[in-house]
Amino acid sequence: MHSVTGDSIDRRLFFLVLLFAFFFPVFQKQLGTAGAMLVNGGIIALISLFFLGRGRLALYFSDNKEKEVYLSIALVFVFFALHIPLSMAVGAVWGGVNISERDFFELHRPILYFLVFTMAFFTFKNGYSLAGFERLLIFVFWILVALGVNHYYGFFDDISQLYTKQINIRTRRVSTPFVNPYDYAFVMSFFIFYFFLKTIFLSPRYLVLSGVAIVMFVLPQSRSVVVGFLIGFFLILPLSLLFFNFDALRLRVKKGVLYFFLLFFVILFSLLAMLPFLIENFAYLTGQFVRVLEGEGVGSSANIRINQFLFALDKALTNPLILFFGNGPAKDEMEYVESIYNYQFYRYGLIGLVLYFLYPISISCCYCLRLLKVTPVTSSFYSLYFAIFVWLLTVPLMSIGNNFTEQIRLSFFYYAILALVASAYLISRRGREVQ
């Protein structure tokens with residue numbers, strides 16, 4: 001068994017690496033895109049040093065079920081590590097791809113994801129309090145808010161320049177501490193679900209935090225994230241609440257769900273009332289929607305994503321190996337892939353799209369289903385599991401426009417959340433209460 005000291009070290013490491021992953025600068029002004037390696041490389045180094053120092057004390061399975069749940073996701077990263085060189089070979093031989101030195105940089109991804117998932121899985125499995133994790137989440141949220149407010153008002157632009165592009169600073173599209181505005185919006189989408197569900201099931205005081213998260217979600221003006229989130233909030237969330245909280249025998253819903261629908265309509269009508277303000281003051285966010293409604297087309301960003309998909313599809317149809325295994329990173333041919341679906345399909349084929357994106361989300365949602373069925377609604381963790389469940393269902397919608405799970409900072413958060421769900425699922429199967 002782990003010692004108390006060992007568990008304490010695990011928690012401190014997780015706390016340290018999470019703060020490093022979110023807030024260590026990439027020195028964007030000086031290093032450009034190369035600064036991403038400072039974050040990803042630092043995470044790999046920190047976790048590797050920890051495991052090398054503690055060895056078997058840090059990693060152990062109590063039974064075969066623990067190993068089975070761990071491997072259900074961890075093996076994905078092993079396949080990914082083997083898939084990258086295979087796809088590069090397929091792309092070079094049958095796709096006419098010129099392999100560049102930058103393509104080999106992608107080999108760090110399965111290592112990074114494996115280490116993040118492994119560290120988080122064993123940290124939570126071995127006793128890291130979810131209450132402590134929630135306190136850490138709120139702490140991170142307020143730092144994100146502070147950096148975002150500073151970015152928007154330009155109090156200290158030198159801070160923002162450590163993290164994001166000059167164009168984002170000039171246009172005041174909030175992105176700090178992320179490189180891109182849509183990354184900031186993506187993380188804030190989680191906090192909206194989290195605080196809103198806390199409001200419903202725990203206390204009205206979380207409504208203030210929900211409001212702050214909504215404001216910070218709007219400031220990046222990310223259209224693709226907004227569209228995906230709105231579908232998640234106004235469709236997936238209410239349907240999920242009805243599914244888990246509808247008493248079919250008595251034909252009634254629980255009090256919390258009635259409270260939700262009251263807030264739901266308040267927010268809906270507030271949003272409709274604010275449309276003139278949003279259209280006037282957030283033209284980048286709303287302008288494209290207005291143009292679509294006026295019949296002027298989907299815009300250049302959407303056209304880029306459509307053209308990238310058609311290009312990937314044309315290549316895939318020329319050879320079944322490309323269709324299933326992809327072209328490899330192929331950065332000389334298509335460096336910036338705007339959608340997770342294009343990203344995975346073009347680089348790693350149908351296998352990549354299913355195995356590295358859809359499968360981890362699907363199995364994690366299954367674990368969440370189990371947790372929501374066995375966790376009392378009165379538990380402080382019920383709203384956390386519910387937020388993760390709805391957020392994971394919404395991720396595929398928000399990811400139509402971008403490859404969020406592959407971005408620096410976001411990938412750490414995403415795979416740590418998957419590990420939390422898997423470890424909590426294990427604890428629930430033993431009939432133990434998650435602390």
# chains A, B, ... in the order shown; residues from 1 in each chain; ligands from 1
>>> residues_around(residues="range 234-241 of chain A", least_positions_apart="5", cutoff="12 Å", atoms="only C-alpha atoms", output="PyMOL selection string")
chain A and resi 192-194+196-197+200-201+226-229+246-247+253-265+267-268+271+365+368-369+372+377+382-383+386-395+397
>>> residues_around(residues="Thr318 in chain A", least_positions_apart="6", cutoff="12 Å", atoms="only C-alpha atoms", output="ChimeraX atom specification")
/A:91,94-96,311-312,324,326-327
>>> atom_distance(atom1="CA of Asn303 in chain A", atom2="CA of Ser224 in chain A")
12.9 Å
>>> closest_residue(among="A:Leu31, A:His108, A:Arg170, A:Val179", to="Leu410 in chain A", atoms="only C-alpha atoms")
A:Val179
>>> closest_residue(among="A:Pro320, A:Leu230, A:Phe141, A:Ala419", to="Val187 in chain A", atoms="only C-alpha atoms")
A:Phe141
>>> atom_distance(atom1="CA of Ala316 in chain A", atom2="CA of Leu355 in chain A")
17.5 Å
>>> residues_around(residues="Ser62 in chain A", least_positions_apart="5", cutoff="12 Å", atoms="only C-alpha atoms", output="list of chain:residue names")
A:Met1, A:His2, A:Lys67, A:Glu68, A:Val69, A:Tyr70, A:Phe122, A:Lys125, A:Asn126, A:Leu426, A:Ile427, A:Arg430
>>> residues_around(residues="Ser48 in chain A", least_positions_apart="3", cutoff="12 Å", atoms="only C-alpha atoms", output="list in words")
Leu13, Val17, Gly41, Gly42, Ile43, Ile44, Ala45, Phe51, Leu52, Gly53, Arg54, Gly55, Ala58, Ile111, Leu112, Phe114, Leu115, Val116, Thr118 and Met119 of chain A
>>> closest_residue(among="A:Pro396, A:Gly132, A:Pro110, A:Gly352", to="Ile231 in chain A", atoms="only C-alpha atoms")
A:Pro396
>>> atom_distance(atom1="CA of Ser87 in chain A", atom2="CA of Arg347 in chain A")
7.2 Å
>>> select_by_dssp(residues="range 165-311 of chain A", states="strand (DSSP E)", output="count of residues only")
4
>>> closest_residue(among="A:Gly154, A:Pro177, A:Gly127, A:Gly148", to="Val39 in chain A", atoms="only C-alpha atoms")
A:Pro177
>>> residues_around(residues="range 215-222 of chain A", least_positions_apart="5", cutoff="8 Å", atoms="only C-alpha atoms", output="list of chain:residue names")
A:Val145, A:Gly148, A:Tyr152, A:Arg173, A:Val174, A:Ser175, A:Pro181, A:Tyr182, A:Tyr184, A:Ala185, A:Phe186, A:Met188, A:Ser189, A:Phe282, A:Tyr284, A:Leu285
>>> residues_around(residues="Pro360 in chain A", least_positions_apart="6", cutoff="12 Å", atoms="only C-alpha atoms", output="MDAnalysis selection string")
chainID A and resid 69:77 113 117 352:354 366:367 392:393 395:396 405 414:415 417:419 421:422
>>> closest_residue(among="A:Ile143, A:Ile351, A:Ala21, A:Leu162", to="His83 in chain A", atoms="only C-alpha atoms")
A:Ile351
>>> decode(residues="range 329-343 of chain A", atoms="all heavy atoms", output="PDB file, in the first residue's frame")
ATOM      1  N   PRO A 329       2.082  13.043 -39.802  1.00  0.00           N
ATOM      2  CA  PRO A 329       1.965  14.482 -39.505  1.00  0.00           C
ATOM      3  C   PRO A 329       2.001  15.355 -40.755  1.00  0.00           C
ATOM      4  O   PRO A 329       1.253  16.338 -40.842  1.00  0.00           O
ATOM      5  CB  PRO A 329       3.159  14.748 -38.598  1.00  0.00           C
ATOM      6  CG  PRO A 329       3.410  13.431 -37.935  1.00  0.00           C
ATOM      7  CD  PRO A 329       3.099  12.390 -38.966  1.00  0.00           C
ATOM      8  N   ALA A 330       2.869  15.023 -41.711  1.00  0.00           N
ATOM      9  CA  ALA A 330       2.885  15.675 -43.037  1.00  0.00           C
ATOM     10  C   ALA A 330       2.773  17.191 -42.948  1.00  0.00           C
ATOM     11  O   ALA A 330       1.963  17.809 -43.630  1.00  0.00           O
ATOM     12  CB  ALA A 330       1.753  15.106 -43.897  1.00  0.00           C
ATOM     13  N   LYS A 331       3.616  17.816 -42.126  1.00  0.00           N
ATOM     14  CA  LYS A 331       3.510  19.258 -41.916  1.00  0.00           C
ATOM     15  C   LYS A 331       3.925  20.069 -43.134  1.00  0.00           C
ATOM     16  O   LYS A 331       3.536  21.234 -43.256  1.00  0.00           O
ATOM     17  CB  LYS A 331       4.321  19.657 -40.686  1.00  0.00           C
ATOM     18  CG  LYS A 331       3.752  19.085 -39.396  1.00  0.00           C
ATOM     19  CD  LYS A 331       4.489  19.581 -38.178  1.00  0.00           C
ATOM     20  CE  LYS A 331       3.865  19.015 -36.907  1.00  0.00           C
ATOM     21  NZ  LYS A 331       4.533  19.501 -35.683  1.00  0.00           N
ATOM     22  N   ASP A 332       4.716  19.480 -44.011  1.00  0.00           N
ATOM     23  CA  ASP A 332       5.064  20.183 -45.248  1.00  0.00           C
ATOM     24  C   ASP A 332       3.878  20.265 -46.201  1.00  0.00           C
ATOM     25  O   ASP A 332       3.819  21.144 -47.063  1.00  0.00           O
ATOM     26  CB  ASP A 332       6.235  19.488 -45.953  1.00  0.00           C
ATOM     27  CG  ASP A 332       7.578  19.979 -45.443  1.00  0.00           C
ATOM     28  OD1 ASP A 332       7.583  20.885 -44.582  1.00  0.00           O
ATOM     29  OD2 ASP A 332       8.619  19.467 -45.892  1.00  0.00           O
ATOM     30  N   GLU A 333       2.923  19.346 -46.046  1.00  0.00           N
ATOM     31  CA  GLU A 333       1.770  19.318 -46.946  1.00  0.00           C
ATOM     32  C   GLU A 333       0.564  20.028 -46.342  1.00  0.00           C
ATOM     33  O   GLU A 333      -0.138  20.778 -47.029  1.00  0.00           O
ATOM     34  CB  GLU A 333       1.408  17.869 -47.284  1.00  0.00           C
ATOM     35  CG  GLU A 333       0.312  17.741 -48.328  1.00  0.00           C
ATOM     36  CD  GLU A 333       0.155  16.304 -48.806  1.00  0.00           C
ATOM     37  OE1 GLU A 333      -0.466  15.511 -48.070  1.00  0.00           O
ATOM     38  OE2 GLU A 333       0.662  15.979 -49.894  1.00  0.00           O
ATOM     39  N   MET A 334       0.285  19.804 -45.061  1.00  0.00           N
ATOM     40  CA  MET A 334      -0.833  20.475 -44.382  1.00  0.00           C
ATOM     41  C   MET A 334      -0.425  20.698 -42.931  1.00  0.00           C
ATOM     42  O   MET A 334      -0.638  19.844 -42.078  1.00  0.00           O
ATOM     43  CB  MET A 334      -2.124  19.658 -44.465  1.00  0.00           C
ATOM     44  CG  MET A 334      -3.366  20.466 -44.077  1.00  0.00           C
ATOM     45  SD  MET A 334      -4.871  19.473 -43.807  1.00  0.00           S
ATOM     46  CE  MET A 334      -5.096  18.714 -45.400  1.00  0.00           C
ATOM     47  N   GLU A 335       0.157  21.852 -42.667  1.00  0.00           N
ATOM     48  CA  GLU A 335       0.730  22.108 -41.345  1.00  0.00           C
ATOM     49  C   GLU A 335      -0.329  22.378 -40.293  1.00  0.00           C
ATOM     50  O   GLU A 335      -0.327  21.800 -39.210  1.00  0.00           O
ATOM     51  CB  GLU A 335       1.703  23.286 -41.407  1.00  0.00           C
ATOM     52  CG  GLU A 335       2.361  23.576 -40.065  1.00  0.00           C
ATOM     53  CD  GLU A 335       3.444  24.621 -40.161  1.00  0.00           C
ATOM     54  OE1 GLU A 335       3.594  25.238 -41.244  1.00  0.00           O
ATOM     55  OE2 GLU A 335       4.163  24.826 -39.156  1.00  0.00           O
ATOM     56  N   TYR A 336      -1.248  23.289 -40.587  1.00  0.00           N
ATOM     57  CA  TYR A 336      -2.259  23.683 -39.617  1.00  0.00           C
ATOM     58  C   TYR A 336      -3.607  23.099 -40.014  1.00  0.00           C
ATOM     59  O   TYR A 336      -4.237  23.561 -40.957  1.00  0.00           O
ATOM     60  CB  TYR A 336      -2.342  25.206 -39.520  1.00  0.00           C
ATOM     61  CG  TYR A 336      -1.036  25.835 -39.095  1.00  0.00           C
ATOM     62  CD1 TYR A 336      -0.274  26.567 -39.997  1.00  0.00           C
ATOM     63  CD2 TYR A 336      -0.565  25.685 -37.796  1.00  0.00           C
ATOM     64  CE1 TYR A 336       0.935  27.139 -39.614  1.00  0.00           C
ATOM     65  CE2 TYR A 336       0.635  26.243 -37.397  1.00  0.00           C
ATOM     66  CZ  TYR A 336       1.379  26.972 -38.313  1.00  0.00           C
ATOM     67  OH  TYR A 336       2.567  27.527 -37.919  1.00  0.00           O
ATOM     68  N   VAL A 337      -4.028  22.067 -39.277  1.00  0.00           N
ATOM     69  CA  VAL A 337      -5.293  21.404 -39.558  1.00  0.00           C
ATOM     70  C   VAL A 337      -6.316  21.938 -38.562  1.00  0.00           C
ATOM     71  O   VAL A 337      -6.130  21.838 -37.357  1.00  0.00           O
ATOM     72  CB  VAL A 337      -5.163  19.875 -39.451  1.00  0.00           C
ATOM     73  CG1 VAL A 337      -6.419  19.205 -39.977  1.00  0.00           C
ATOM     74  CG2 VAL A 337      -3.936  19.391 -40.218  1.00  0.00           C
ATOM     75  N   GLU A 338      -7.410  22.508 -39.063  1.00  0.00           N
ATOM     76  CA  GLU A 338      -8.299  23.335 -38.254  1.00  0.00           C
ATOM     77  C   GLU A 338      -9.360  22.565 -37.464  1.00  0.00           C
ATOM     78  O   GLU A 338      -9.995  23.136 -36.598  1.00  0.00           O
ATOM     79  CB  GLU A 338      -9.002  24.350 -39.159  1.00  0.00           C
ATOM     80  CG  GLU A 338      -8.055  25.322 -39.843  1.00  0.00           C
ATOM     81  CD  GLU A 338      -7.423  26.301 -38.877  1.00  0.00           C
ATOM     82  OE1 GLU A 338      -8.008  26.536 -37.812  1.00  0.00           O
ATOM     83  OE2 GLU A 338      -6.331  26.810 -39.177  1.00  0.00           O
ATOM     84  N   SER A 339      -9.589  21.314 -37.747  1.00  0.00           N
ATOM     85  CA  SER A 339     -10.631  20.545 -37.074  1.00  0.00           C
ATOM     86  C   SER A 339     -10.038  19.244 -36.556  1.00  0.00           C
ATOM     87  O   SER A 339      -9.171  18.649 -37.206  1.00  0.00           O
ATOM     88  CB  SER A 339     -11.780  20.252 -38.052  1.00  0.00           C
ATOM     89  OG  SER A 339     -12.627  19.242 -37.553  1.00  0.00           O
ATOM     90  N   ILE A 340     -10.502  18.776 -35.408  1.00  0.00           N
ATOM     91  CA  ILE A 340      -9.999  17.508 -34.884  1.00  0.00           C
ATOM     92  C   ILE A 340     -10.331  16.359 -35.828  1.00  0.00           C
ATOM     93  O   ILE A 340      -9.567  15.397 -35.943  1.00  0.00           O
ATOM     94  CB  ILE A 340     -10.556  17.225 -33.472  1.00  0.00           C
ATOM     95  CG1 ILE A 340      -9.811  16.054 -32.809  1.00  0.00           C
ATOM     96  CG2 ILE A 340     -12.047  16.957 -33.520  1.00  0.00           C
ATOM     97  CD1 ILE A 340      -8.377  16.296 -32.530  1.00  0.00           C
ATOM     98  N   TYR A 341     -11.439  16.473 -36.529  1.00  0.00           N
ATOM     99  CA  TYR A 341     -11.835  15.408 -37.450  1.00  0.00           C
ATOM    100  C   TYR A 341     -10.907  15.386 -38.661  1.00  0.00           C
ATOM    101  O   TYR A 341     -10.458  14.310 -39.093  1.00  0.00           O
ATOM    102  CB  TYR A 341     -13.298  15.590 -37.875  1.00  0.00           C
ATOM    103  CG  TYR A 341     -14.235  15.537 -36.695  1.00  0.00           C
ATOM    104  CD1 TYR A 341     -14.684  16.712 -36.088  1.00  0.00           C
ATOM    105  CD2 TYR A 341     -14.642  14.328 -36.155  1.00  0.00           C
ATOM    106  CE1 TYR A 341     -15.516  16.668 -34.985  1.00  0.00           C
ATOM    107  CE2 TYR A 341     -15.478  14.276 -35.057  1.00  0.00           C
ATOM    108  CZ  TYR A 341     -15.908  15.452 -34.474  1.00  0.00           C
ATOM    109  OH  TYR A 341     -16.729  15.404 -33.367  1.00  0.00           O
ATOM    110  N   ASN A 342     -10.604  16.553 -39.208  1.00  0.00           N
ATOM    111  CA  ASN A 342      -9.625  16.621 -40.291  1.00  0.00           C
ATOM    112  C   ASN A 342      -8.243  16.211 -39.804  1.00  0.00           C
ATOM    113  O   ASN A 342      -7.505  15.513 -40.497  1.00  0.00           O
ATOM    114  CB  ASN A 342      -9.556  18.043 -40.860  1.00  0.00           C
ATOM    115  CG  ASN A 342     -10.835  18.450 -41.562  1.00  0.00           C
ATOM    116  OD1 ASN A 342     -11.640  17.607 -41.955  1.00  0.00           O
ATOM    117  ND2 ASN A 342     -11.051  19.744 -41.711  1.00  0.00           N
ATOM    118  N   TYR A 343      -7.909  16.673 -38.617  1.00  0.00           N
ATOM    119  CA  TYR A 343      -6.587  16.395 -38.025  1.00  0.00           C
ATOM    120  C   TYR A 343      -6.345  14.895 -37.901  1.00  0.00           C
ATOM    121  O   TYR A 343      -5.337  14.365 -38.373  1.00  0.00           O
ATOM    122  CB  TYR A 343      -6.514  17.078 -36.660  1.00  0.00           C
ATOM    123  CG  TYR A 343      -5.234  16.880 -35.895  1.00  0.00           C
ATOM    124  CD1 TYR A 343      -4.214  17.824 -35.953  1.00  0.00           C
ATOM    125  CD2 TYR A 343      -5.056  15.769 -35.076  1.00  0.00           C
ATOM    126  CE1 TYR A 343      -3.043  17.659 -35.232  1.00  0.00           C
ATOM    127  CE2 TYR A 343      -3.893  15.588 -34.347  1.00  0.00           C
ATOM    128  CZ  TYR A 343      -2.884  16.537 -34.437  1.00  0.00           C
ATOM    129  OH  TYR A 343      -1.729  16.355 -33.713  1.00  0.00           O
TER     130      TYR A 343
END
